[in-house]
file entry-v1.cif (mmCIF, C-alpha atoms and all ligand atoms)
data_protein
loop_
_atom_site.label_atom_id
_atom_site.label_comp_id
_atom_site.auth_asym_id
_atom_site.auth_seq_id
_atom_site.Cartn_x
_atom_site.Cartn_y
_atom_site.Cartn_z
CA MET P 1 112.14 94.12 145.14
CA SER P 2 108.48 93.44 145.81
CA PHE P 3 106.49 90.90 143.91
CA PRO P 4 102.88 91.72 143.12
CA ALA P 5 100.23 89.68 144.87
CA MET P 6 99.57 86.58 142.81
CA ILE P 7 96.64 84.29 142.27
CA ARG P 8 97.63 80.61 142.31
CA THR P 9 94.37 78.95 141.39
CA PRO P 10 92.93 78.84 137.85
CA LEU P 11 90.66 81.76 137.06
CA PRO P 12 87.03 81.40 135.98
CA TYR P 13 87.44 83.46 132.80
CA SER P 14 87.07 81.79 129.45
CA THR P 15 88.84 84.53 127.47
CA THR P 16 91.76 86.87 128.11
CA LYS P 17 89.45 89.73 127.17
CA GLU P 18 87.07 88.82 130.00
CA LEU P 19 89.97 88.54 132.42
CA SER P 20 91.26 91.97 131.37
CA ASP P 21 87.78 93.54 131.46
CA SER P 22 87.16 92.13 134.95
CA GLY P 23 90.05 94.09 136.47
CA VAL P 24 90.91 91.27 138.90
CA ALA P 25 94.42 90.87 137.52
CA ALA P 26 95.23 94.45 138.56
CA ALA P 27 94.63 93.61 142.21
CA ALA P 28 96.39 90.25 142.14
CA PHE P 29 98.23 89.20 139.03
CA PRO P 30 97.48 85.58 138.10
CA PHE P 31 100.51 83.41 138.73
CA ASN P 32 100.09 81.33 135.59
CA TYR P 33 100.50 84.40 133.34
CA ILE P 34 104.01 85.22 134.55
CA ALA P 35 106.17 84.66 131.48
CA CYS P 36 109.02 87.08 132.25
CA LYS P 37 111.43 87.64 135.08
CA PRO P 38 110.60 90.69 137.23
CA PRO P 39 112.36 93.75 135.74
CA ALA P 40 115.17 93.97 138.31
CA ALA P 41 116.22 90.40 137.52
CA ALA P 42 115.98 90.96 133.79
CA ALA P 43 118.63 93.65 133.35
CA ASP P 44 120.36 91.70 130.56
CA ASP P 45 117.16 91.39 128.56
CA ASP P 46 116.45 95.09 128.95
CA GLU P 47 119.80 95.96 127.45
CA ASN P 48 118.86 93.86 124.46
CA GLU P 49 115.82 95.98 123.83
CA ALA P 50 117.69 99.23 123.32
CA ALA P 51 117.89 99.41 119.57
CA ASP P 52 114.33 100.26 118.49
CA GLU P 53 115.31 102.91 115.95
CA ALA P 54 117.39 100.60 113.81
CA GLN P 55 116.24 100.52 110.25
CA ILE P 56 114.24 97.47 109.36
CA PRO P 57 114.52 96.99 105.58
CA THR P 58 111.76 98.53 103.46
CA ILE P 59 110.63 97.09 100.15
CA ASP P 60 108.76 99.28 97.67
CA PHE P 61 106.51 96.62 96.21
CA SER P 62 105.42 98.78 93.25
CA LEU P 63 108.94 98.52 91.82
CA LEU P 64 108.49 94.76 91.37
CA SER P 65 106.04 95.44 88.57
CA SER P 66 108.11 98.24 87.11
CA ARG P 67 108.43 98.36 83.30
CA ASN P 68 112.04 99.25 83.78
CA PRO P 69 113.91 95.94 84.25
CA ASP P 70 116.71 97.69 86.16
CA ASN P 71 114.21 98.80 88.80
CA ARG P 72 112.92 95.27 89.25
CA ALA P 73 116.44 93.82 89.38
CA GLN P 74 117.38 96.41 92.00
CA ILE P 75 114.38 95.69 94.23
CA VAL P 76 114.85 91.93 93.89
CA ARG P 77 118.43 92.39 95.10
CA GLU P 78 117.22 94.50 98.04
CA LEU P 79 114.61 91.89 98.89
CA GLY P 80 117.25 89.15 98.81
CA ARG P 81 119.45 91.17 101.16
CA ALA P 82 116.53 91.78 103.55
CA CYS P 83 115.76 88.04 103.56
CA GLU P 84 119.37 87.09 104.17
CA GLU P 85 120.23 89.70 106.78
CA TRP P 86 116.92 90.07 108.64
CA GLY P 87 114.31 87.54 107.54
CA PHE P 88 111.96 90.42 108.13
CA PHE P 89 110.97 93.54 106.19
CA THR P 90 108.31 96.20 105.64
CA VAL P 91 106.37 96.30 102.38
CA LEU P 92 105.17 99.66 101.06
CA ASN P 93 102.99 100.42 98.02
CA HIS P 94 101.59 96.89 98.18
CA GLY P 95 98.31 97.67 96.39
CA VAL P 96 96.00 96.23 99.06
CA PRO P 97 93.26 98.88 99.43
CA VAL P 98 93.46 100.68 102.74
CA GLU P 99 89.64 100.44 103.16
CA LEU P 100 89.88 96.66 102.86
CA GLN P 101 92.60 96.52 105.51
CA LYS P 102 90.47 98.61 107.80
CA ALA P 103 87.37 96.51 107.12
CA MET P 104 89.33 93.34 107.91
CA MET P 105 90.58 94.83 111.16
CA ASP P 106 87.02 95.93 112.06
CA ALA P 107 85.64 92.45 111.29
CA CYS P 108 88.25 90.93 113.64
CA VAL P 109 87.39 93.47 116.34
CA GLY P 110 83.74 92.53 115.82
CA PHE P 111 84.57 88.87 116.33
CA PHE P 112 86.49 89.43 119.58
CA HIS P 113 83.64 91.56 120.89
CA LEU P 114 81.11 88.74 120.49
CA THR P 115 80.04 87.31 123.82
CA ALA P 116 82.16 84.53 125.31
CA GLU P 117 79.26 82.14 124.64
CA GLU P 118 79.18 83.06 120.94
CA LYS P 119 82.91 82.52 120.60
CA GLU P 120 82.69 79.29 122.55
CA ASP P 121 81.38 77.51 119.45
CA TYR P 122 84.92 77.65 118.09
CA MET P 123 86.78 76.83 121.30
CA GLY P 124 88.64 73.67 122.26
CA ARG P 125 88.94 72.50 118.69
CA HIS P 126 91.69 70.38 117.16
CA VAL P 127 94.66 72.37 115.84
CA LEU P 128 93.83 71.35 112.26
CA ASP P 129 90.24 72.47 112.58
CA PRO P 130 89.71 75.23 109.98
CA ILE P 131 88.17 77.69 112.46
CA ARG P 132 89.54 77.90 115.96
CA PHE P 133 89.20 80.41 118.79
CA GLY P 134 91.28 80.23 121.94
CA MET P 135 93.36 82.02 124.51
CA SER P 136 97.12 81.96 125.06
CA PHE P 137 98.69 79.60 122.46
CA ASN P 138 97.78 76.08 123.46
CA THR P 139 96.33 75.94 126.98
CA LYS P 140 96.27 72.12 126.92
CA VAL P 141 100.05 71.87 127.14
CA GLU P 142 101.25 75.17 128.59
CA ASP P 143 102.44 75.91 132.13
CA VAL P 144 102.55 79.62 131.35
CA GLN P 145 99.61 81.32 129.69
CA TYR P 146 100.04 84.17 127.26
CA TRP P 147 97.98 87.34 127.49
CA ARG P 148 96.14 86.81 124.23
CA ASP P 149 92.96 85.62 122.57
CA PHE P 150 93.16 84.39 118.99
CA LEU P 151 91.04 83.41 116.04
CA LYS P 152 92.58 81.17 113.37
CA VAL P 153 90.79 80.62 110.08
CA PHE P 154 91.98 78.51 107.11
CA GLN P 155 91.33 80.46 103.91
CA HIS P 156 92.98 78.48 101.12
CA PRO P 157 92.73 76.08 99.31
CA VAL P 158 89.28 75.97 100.93
CA PHE P 159 87.85 79.24 102.19
CA HIS P 160 86.37 79.14 105.71
CA TYR P 161 84.86 81.90 107.82
CA PRO P 162 83.12 82.29 111.17
CA THR P 163 79.42 83.10 110.70
CA LYS P 164 79.56 86.02 113.13
CA PRO P 165 79.98 88.90 112.68
CA THR P 166 78.14 88.53 109.37
CA ILE P 167 80.47 90.98 107.60
CA PHE P 168 83.43 88.65 108.24
CA ARG P 169 82.72 86.43 105.24
CA GLU P 170 82.72 89.05 102.52
CA VAL P 171 85.54 91.11 103.95
CA SER P 172 87.86 88.21 104.64
CA GLU P 173 87.20 86.71 101.21
CA GLY P 174 88.42 89.90 99.52
CA TYR P 175 91.26 90.45 101.96
CA SER P 176 92.56 86.88 101.66
CA ARG P 177 92.57 87.12 97.85
CA HIS P 178 94.62 90.33 97.90
CA ILE P 179 97.04 88.99 100.49
CA ARG P 180 97.50 85.69 98.64
CA GLN P 181 98.41 87.59 95.48
CA LEU P 182 100.84 89.79 97.43
CA GLY P 183 102.35 86.66 99.00
CA LYS P 184 102.75 84.92 95.64
CA ASP P 185 104.36 87.99 94.06
CA LEU P 186 106.76 88.26 96.99
CA LEU P 187 107.60 84.56 96.79
CA ASN P 188 108.33 84.84 93.08
CA ALA P 189 110.69 87.74 93.72
CA ILE P 190 112.33 85.76 96.53
CA TRP P 191 112.89 82.77 94.20
CA GLU P 192 114.31 85.16 91.62
CA SER P 193 116.71 86.60 94.19
CA LEU P 194 118.09 83.08 94.63
CA GLY P 195 118.21 82.25 90.93
CA LEU P 196 115.46 79.65 91.39
CA GLU P 197 112.88 79.17 88.67
CA GLU P 198 109.35 80.20 89.50
CA ASN P 199 107.65 77.21 87.87
CA VAL P 200 110.03 74.72 89.49
CA MET P 201 109.26 76.16 92.95
CA GLN P 202 105.58 76.41 92.14
CA GLU P 203 105.54 72.68 91.46
CA ALA P 204 107.85 71.58 94.27
CA LEU P 205 105.69 73.37 96.85
CA SER P 206 102.33 72.78 95.07
CA LEU P 207 101.71 76.50 95.40
CA GLU P 208 98.52 76.46 93.33
CA SER P 209 96.95 74.86 96.41
CA CYS P 210 99.04 76.87 98.87
CA PHE P 211 97.92 76.90 102.47
CA GLN P 212 96.74 80.27 103.74
CA MET P 213 95.62 80.95 107.29
CA LEU P 214 94.41 84.13 108.92
CA ALA P 215 95.35 84.49 112.59
CA ALA P 216 93.84 87.43 114.43
CA ASN P 217 95.51 88.16 117.76
CA PHE P 218 93.79 90.18 120.47
CA TYR P 219 95.99 91.44 123.31
CA PRO P 220 93.87 93.38 125.81
CA PRO P 221 95.48 95.81 128.29
CA CYS P 222 97.54 93.93 130.86
CA PRO P 223 98.05 95.41 134.34
CA LYS P 224 101.56 93.89 134.63
CA PRO P 225 102.95 94.08 131.10
CA GLU P 226 106.51 93.60 132.38
CA LEU P 227 105.61 90.13 133.68
CA ALA P 228 103.42 88.80 130.88
CA LEU P 229 103.86 88.14 127.17
CA GLY P 230 101.34 88.13 124.33
CA LEU P 231 103.32 85.45 122.53
CA PRO P 232 106.76 84.03 123.38
CA ALA P 233 109.72 83.94 121.00
CA HIS P 234 108.88 81.73 118.03
CA SER P 235 109.21 81.41 114.30
CA ASP P 236 106.21 80.87 112.01
CA HIS P 237 105.69 77.57 110.22
CA GLY P 238 104.97 78.69 106.65
CA LEU P 239 106.97 80.37 103.90
CA VAL P 240 106.05 84.01 104.55
CA THR P 241 103.79 85.73 107.08
CA ILE P 242 102.15 89.05 106.24
CA LEU P 243 101.12 91.13 109.24
CA MET P 244 99.07 94.26 109.87
CA GLN P 245 98.17 95.71 113.24
CA ASN P 246 95.94 98.36 114.78
CA GLY P 247 97.67 101.51 116.01
CA THR P 248 99.35 99.81 118.97
CA ASP P 249 102.90 98.43 118.86
CA GLY P 250 104.20 95.33 120.61
CA LEU P 251 105.91 93.14 118.03
CA GLN P 252 109.62 92.51 118.49
CA VAL P 253 111.95 90.68 116.11
CA MET P 254 115.30 89.12 116.87
CA HIS P 255 118.16 90.55 114.84
CA ASN P 256 121.84 89.85 115.53
CA GLY P 257 120.96 88.46 118.96
CA LYS P 258 118.94 91.54 120.00
CA TRP P 259 115.23 92.22 120.25
CA PHE P 260 114.05 95.07 118.02
CA GLY P 261 110.76 96.80 118.74
CA VAL P 262 108.88 97.20 115.46
CA LYS P 263 107.07 100.44 114.73
CA PRO P 264 105.29 99.93 111.42
CA LEU P 265 105.16 102.72 108.83
CA PRO P 266 101.63 103.89 107.91
CA ASN P 267 99.80 101.65 105.43
CA SER P 268 102.57 99.06 105.39
CA PHE P 269 102.65 95.31 105.88
CA LEU P 270 105.31 93.58 107.91
CA VAL P 271 106.59 90.38 106.36
CA ASN P 272 108.60 87.69 108.07
CA LEU P 273 110.07 84.50 106.73
CA GLY P 274 108.84 81.21 108.14
CA ASP P 275 110.44 77.83 108.80
CA HIS P 276 109.55 76.42 105.40
CA MET P 277 111.51 79.21 103.73
CA GLU P 278 114.51 78.17 105.82
CA ILE P 279 114.02 74.52 104.81
CA VAL P 280 113.53 75.11 101.09
CA THR P 281 116.50 77.52 100.85
CA ASN P 282 118.65 75.07 102.84
CA GLY P 283 119.24 77.66 105.54
CA ARG P 284 120.20 80.55 103.27
CA TYR P 285 117.07 82.59 104.18
CA LYS P 286 116.27 81.88 107.80
CA SER P 287 112.98 82.14 109.63
CA VAL P 288 113.04 84.98 112.12
CA LEU P 289 112.30 84.77 115.84
CA HIS P 290 109.67 87.20 117.02
CA ARG P 291 107.45 87.74 120.05
CA ALA P 292 104.57 89.96 121.14
CA LYS P 293 104.82 92.21 124.18
CA VAL P 294 101.71 93.58 125.88
CA ASN P 295 100.98 96.97 127.42
CA ASN P 296 98.73 98.35 130.16
CA LYS P 297 97.03 101.09 128.12
CA SER P 298 95.33 99.84 125.01
CA THR P 299 94.28 96.68 123.24
CA ARG P 300 96.62 95.59 120.52
CA ILE P 301 95.28 93.62 117.57
CA SER P 302 97.42 92.01 114.91
CA VAL P 303 96.01 90.29 111.85
CA VAL P 304 98.48 87.83 110.48
CA SER P 305 98.28 85.91 107.19
CA ALA P 306 100.49 82.85 106.96
CA ILE P 307 101.23 81.54 103.47
CA GLY P 308 102.82 78.16 103.08
CA PRO P 309 103.16 75.26 100.68
CA SER P 310 100.29 72.86 100.10
CA LEU P 311 99.54 70.99 103.33
CA ASP P 312 100.30 67.79 101.39
CA ALA P 313 103.71 68.92 100.14
CA VAL P 314 106.80 67.29 101.61
CA VAL P 315 109.29 70.13 101.58
CA VAL P 316 113.01 69.52 101.20
CA PRO P 317 115.89 71.91 100.46
CA ALA P 318 115.79 72.94 96.77
CA PRO P 319 118.24 70.56 94.99
CA MET P 320 119.62 73.38 92.83
CA LEU P 321 120.59 75.40 95.90
CA VAL P 322 122.08 72.40 97.68
CA GLU P 323 124.23 71.74 94.63
CA ARG P 324 125.30 75.35 94.33
CA GLN P 325 126.05 75.71 98.05
CA LYS P 326 128.29 72.63 97.83
CA ARG P 327 127.05 71.37 101.16
CA PRO P 328 124.58 68.65 101.96
CA ALA P 329 120.90 69.22 102.66
CA ALA P 330 120.61 70.69 106.16
CA PHE P 331 117.03 69.50 106.81
CA ARG P 332 115.09 66.34 106.25
CA GLY P 333 111.70 66.62 104.60
CA ILE P 334 108.36 66.44 106.34
CA LYS P 335 104.80 66.90 105.17
CA TYR P 336 103.81 70.50 105.88
CA ARG P 337 100.58 69.37 107.54
CA ASP P 338 102.58 67.25 110.04
CA PHE P 339 104.97 70.11 110.76
CA MET P 340 102.11 72.48 111.43
CA GLU P 341 100.19 70.03 113.57
CA HIS P 342 103.28 69.37 115.66
CA GLN P 343 104.02 73.07 116.17
CA GLN P 344 100.44 73.95 117.06
CA SER P 345 99.92 71.02 119.46
CA ASN P 346 103.00 71.67 121.58
CA LYS P 347 104.40 74.52 123.62
CA LEU P 348 105.49 77.40 121.40
CA MET P 349 109.26 77.50 121.84
CA GLY P 350 111.66 79.29 119.51
CA LYS P 351 112.47 77.15 116.50
CA SER P 352 111.93 73.86 118.33
CA VAL P 353 110.06 72.12 115.50
CA LEU P 354 112.50 73.18 112.78
CA ASP P 355 115.36 72.03 115.01
CA LEU P 356 113.93 68.49 114.98
CA LEU P 357 114.48 68.37 111.21
CA ARG P 358 118.09 69.52 111.17
CA LEU P 359 120.51 66.97 109.75
O1 LIG J 401 101.03 90.01 117.27
C1 LIG J 401 102.06 90.00 116.61
O2 LIG J 401 102.61 91.01 116.21
C2 LIG J 401 102.72 88.69 116.28
C3 LIG J 401 101.76 87.57 116.07
C4 LIG J 401 102.47 86.31 115.71
O3 LIG J 401 103.66 86.21 115.78
C5 LIG J 401 101.72 85.17 115.21
O4 LIG J 401 100.48 85.20 115.18
O5 LIG J 401 102.38 84.19 114.80
FE FE J 402 104.40 84.57 114.65
#

call {"tool": "encode", "arguments": {"input": "entry-v1.cif", "output": "structure tokens"}}
result
Amino acid sequence: MSFPAMIRTPLPYSTTKELSDSGVAAAAFPFNYIACKPPAAAADDDENEAADEAQIPTIDFSLLSSRNPDNRAQIVRELGRACEEWGFFTVLNHGVPVELQKAMMDACVGFFHLTAEEKEDYMGRHVLDPIRFGMSFNTKVEDVQYWRDFLKVFQHPVFHYPTKPTIFREVSEGYSRHIRQLGKDLLNAIWESLGLEENVMQEALSLESCFQMLAANFYPPCPKPELALGLPAHSDHGLVTILMQNGTDGLQVMHNGKWFGVKPLPNSFLVNLGDHMEIVTNGRYKSVLHRAKVNNKSTRISVVSAIGPSLDAVVVPAPMLVERQKRPAAFRGIKYRDFMEHQQSNKLMGKSVLDLLRL
């Protein structure tokens, strides 16, 4: 087995895009980007990646507003099953205009194509800063860097936007409103699937001032995709995450101990449950581990909307569920802001932050 030549000193590129565009990593792959074992040593992992065709649950969102109560009851049951068995599903007929999705994707592309100097305004910021650009996940604490640039923008309860490209403001304002409504409708159906009352949950999580963040991920072509990762295995911090991507695949979700490659259906959103869903349901609906692979052919872009409780909410397992499950609360409460800050300031590692709260 031959290892590629490796660079051991830090590289003078301020973004992953610049590094990819430069072509230097093709000649000598930078040592600090090696996140995976070389293929020959990773035979076990490869076996785990076999099952791409498996059916990820699909939810026809239009049935949630059906006049026929049997249709709604049926889809709520299906949603509950998808949450319980996968923590991950595809949403079809979601009502978000396809032109708006495309415009949002284009605005994100426009941002990543700004010069490194223009993006630098948003670099090196605190993890709770409402607009933040960076590479990898958190370069301050990581030994391994991930093959990714990102833009994170807080959109609710206060709407923020980067000033360039100028179209970003208008497009992301409309997109965030549609996605927030989709998220709220999904949450209400999820509460219903558990027999929880909408207004009780609304109050417990202060959902009128729910936190919403847009994270745009830019994974440029990587000359050694088998050695690098776009993002390592992790769960998201919020309640639900709603994801769209450009035409390039790379997302994998963990299901029954195996990695599943996700190939989204046209005009669909992928939804995964976050750690706060696991906390509030006392472990009944679990957050799902996922990761992003990279490839050596084309840039992959994912645009991810995280929807969570109010940043000031202290989330605990819903008392009604705890009572019904006849087992004690499995998590202690923490303010959502503190949870998020902790996750974003440390190395991204599986469910490491949620694990700290287990009782
Ligand atoms: O790029 C993807 O598909 C996943 C992104 C992701 O997991 C995240 O931003 O939290
Ligand atoms: Fe994620």

call {"tool": "closest_residue", "arguments": {"input": "entry-v1.cif", "among": "P:Gln245, P:Asn267, P:Ser235, P:Ser287", "to": "ligand FE 402 (chain J)", "atoms": "all atoms listed in the file"}}
result
P:Ser235

call {"tool": "atom_distance", "arguments": {"input": "entry-v1.cif", "atom1": "CA of Gln212 in chain P", "atom2": "CA of Ser14 in chain P"}}
result
27.5 Å

call {"tool": "closest_residue", "arguments": {"input": "entry-v1.cif", "among": "P:Thr248, P:Ser302, P:Ser176, P:Ser345", "to": "ligand FE 402 (chain J)", "atoms": "only C-alpha atoms and all ligand atoms"}}
result
P:Ser302

call {"tool": "atom_distance", "arguments": {"input": "entry-v1.cif", "atom1": "CA of Ile131 in chain P", "atom2": "CA of Val240 in chain P"}}
result
20.5 Å

call {"tool": "closest_residue", "arguments": {"input": "entry-v1.cif", "among": "P:Trp191, P:Phe331, P:Trp259, P:Phe339", "to": "Gly238 in chain P", "atoms": "only C-alpha atoms"}}
result
P:Phe339

call {"tool": "residues_near_ligand", "arguments": {"input": "entry-v1.cif", "ligand": "ligand FE 402 (chain J)", "cutoff": "7 Å", "atoms": "only C-alpha atoms and all ligand atoms", "output": "number ranges by chain"}}
result
P: 234-236, 290-291

call {"tool": "residues_near_ligand", "arguments": {"input": "entry-v1.cif", "ligand": "ligand LIG 401 (chain J)", "cutoff": "10 Å", "atoms": "only C-alpha atoms and all ligand atoms", "output": "number ranges by chain"}}
result
P: 137, 148, 150-152, 214-219, 230-237, 241-245, 248-253, 262, 270, 272, 274, 289-294, 300-306, 348

call {"tool": "residues_around", "arguments": {"input": "entry-v1.cif", "residues": "Gly333 in chain P", "least_positions_apart": "2", "cutoff": "8 Å", "atoms": "only C-alpha atoms", "output": "PDB file with C-alpha atoms, keeping the file's coordinate frame"}}
result
ATOM      1  CA  VAL P 314     106.800  67.290 101.610  1.00  0.00           C
ATOM      2  CA  VAL P 315     109.290  70.130 101.580  1.00  0.00           C
ATOM      3  CA  VAL P 316     113.010  69.520 101.200  1.00  0.00           C
ATOM      4  CA  PRO P 317     115.890  71.910 100.460  1.00  0.00           C
ATOM      5  CA  PHE P 331     117.030  69.500 106.810  1.00  0.00           C
ATOM      6  CA  LYS P 335     104.800  66.900 105.170  1.00  0.00           C
ATOM      7  CA  LEU P 357     114.480  68.370 111.210  1.00  0.00           C
TER       8      LEU P 357
END

call {"tool": "closest_residue", "arguments": {"input": "entry-v1.cif", "among": "P:Lys37, P:Arg77, P:Leu186, P:Asn246", "to": "Cys108 in chain P", "atoms": "only C-alpha atoms"}}
result
P:Asn246

call {"tool": "atom_distance", "arguments": {"input": "entry-v1.cif", "atom1": "CA of His255 in chain P", "atom2": "CA of Pro57 in chain P"}}
result
11.9 Å

call {"tool": "residues_around", "arguments": {"input": "entry-v1.cif", "residues": "Gly124 in chain P", "least_positions_apart": "4", "cutoff": "9 Å", "atoms": "all atoms listed in the file", "output": "MDAnalysis selection string"}}
result
chainID P and resid 120 132:134

call {"tool": "residues_around", "arguments": {"input": "entry-v1.cif", "residues": "range 170-173 of chain P", "least_positions_apart": "4", "cutoff": "8 Å", "atoms": "only C-alpha atoms", "output": "ChimeraX atom specification"}}
result
/P:100,103-104,107,155,159,161,177

call {"tool": "axis_aligned_box", "arguments": {"input": "entry-v1.cif", "around": "range 287-290 of chain P", "padding_each_side": "3 Å", "output": "JSON"}}
result
{"center_x": 111.4, "center_y": 84.7, "center_z": 113.3, "size_x": 9.4, "size_y": 11.1, "size_z": 13.4}

call {"tool": "residues_around", "arguments": {"input": "entry-v1.cif", "residues": "Leu227 in chain P", "least_positions_apart": "5", "cutoff": "6 Å", "atoms": "all atoms listed in the file", "output": "list of chain:residue names"}}
result
P:Ile34, P:Ala35, P:Cys36

call {"tool": "residues_around", "arguments": {"input": "entry-v1.cif", "residues": "Asn346 in chain P", "least_positions_apart": "6", "cutoff": "10 Å", "atoms": "only C-alpha atoms", "output": "ChimeraX atom specification"}}
result
/P:137-142,352-353

call {"tool": "closest_residue", "arguments": {"input": "entry-v1.cif", "among": "P:Ala228, P:Lys347, P:Met213, P:Ala204", "to": "Ala318 in chain P", "atoms": "all atoms listed in the file"}}
result
P:Ala204

call {"tool": "closest_residue", "arguments": {"input": "entry-v1.cif", "among": "P:Thr281, P:Thr15, P:Gln343, P:Gln74", "to": "Leu356 in chain P", "atoms": "all atoms listed in the file"}}
result
P:Gln343

call {"tool": "build_atoms", "arguments": {"input": "entry-v1.cif", "residues": "range 16-33 of chain P", "atoms": "N, CA and C atoms", "output": "compact mmCIF listing (two decimals), keeping the file's coordinate frame"}}
result
# COMPACT_ATOMS: atom_id res chain seq x y z
N THR P 16 90.84 85.88 127.54
CA THR P 16 91.76 86.87 128.11
C THR P 16 91.06 88.23 128.17
N LYS P 17 90.20 88.47 127.17
CA LYS P 17 89.45 89.73 127.17
C LYS P 17 88.60 89.85 128.43
N GLU P 18 87.89 88.79 128.77
CA GLU P 18 87.07 88.82 130.00
C GLU P 18 87.93 89.06 131.23
N LEU P 19 89.07 88.39 131.27
CA LEU P 19 89.97 88.54 132.42
C LEU P 19 90.43 89.99 132.52
N SER P 20 90.81 90.59 131.37
CA SER P 20 91.26 91.97 131.37
C SER P 20 90.12 92.91 131.77
N ASP P 21 88.94 92.68 131.17
CA ASP P 21 87.78 93.54 131.46
C ASP P 21 87.40 93.47 132.94
N SER P 22 87.60 92.31 133.56
CA SER P 22 87.16 92.13 134.95
C SER P 22 87.95 92.98 135.95
N GLY P 23 89.21 93.30 135.57
CA GLY P 23 90.05 94.09 136.47
C GLY P 23 90.67 93.29 137.60
N VAL P 24 90.37 92.01 137.75
CA VAL P 24 90.91 91.27 138.90
C VAL P 24 92.43 91.14 138.84
N ALA P 25 92.98 91.08 137.63
CA ALA P 25 94.42 90.87 137.52
C ALA P 25 95.21 92.09 138.00
N ALA P 26 94.54 93.25 138.06
CA ALA P 26 95.23 94.45 138.56
C ALA P 26 95.45 94.35 140.06
N ALA P 27 94.50 93.75 140.75
CA ALA P 27 94.63 93.61 142.21
C ALA P 27 95.61 92.49 142.56
N ALA P 28 95.52 91.40 141.87
CA ALA P 28 96.39 90.25 142.14
C ALA P 28 96.68 89.58 140.81
N PHE P 29 97.92 89.71 140.37
CA PHE P 29 98.23 89.20 139.03
C PHE P 29 98.26 87.68 139.02
N PRO P 30 97.54 87.05 138.08
CA PRO P 30 97.48 85.58 138.10
C PRO P 30 98.85 84.94 137.83
N PHE P 31 99.20 84.06 138.72
CA PHE P 31 100.51 83.41 138.73
C PHE P 31 100.82 82.74 137.39
N ASN P 32 99.82 82.10 136.81
CA ASN P 32 100.09 81.33 135.59
C ASN P 32 100.30 82.19 134.34
N TYR P 33 100.21 83.51 134.48
CA TYR P 33 100.50 84.40 133.34
C TYR P 33 101.90 85.00 133.42
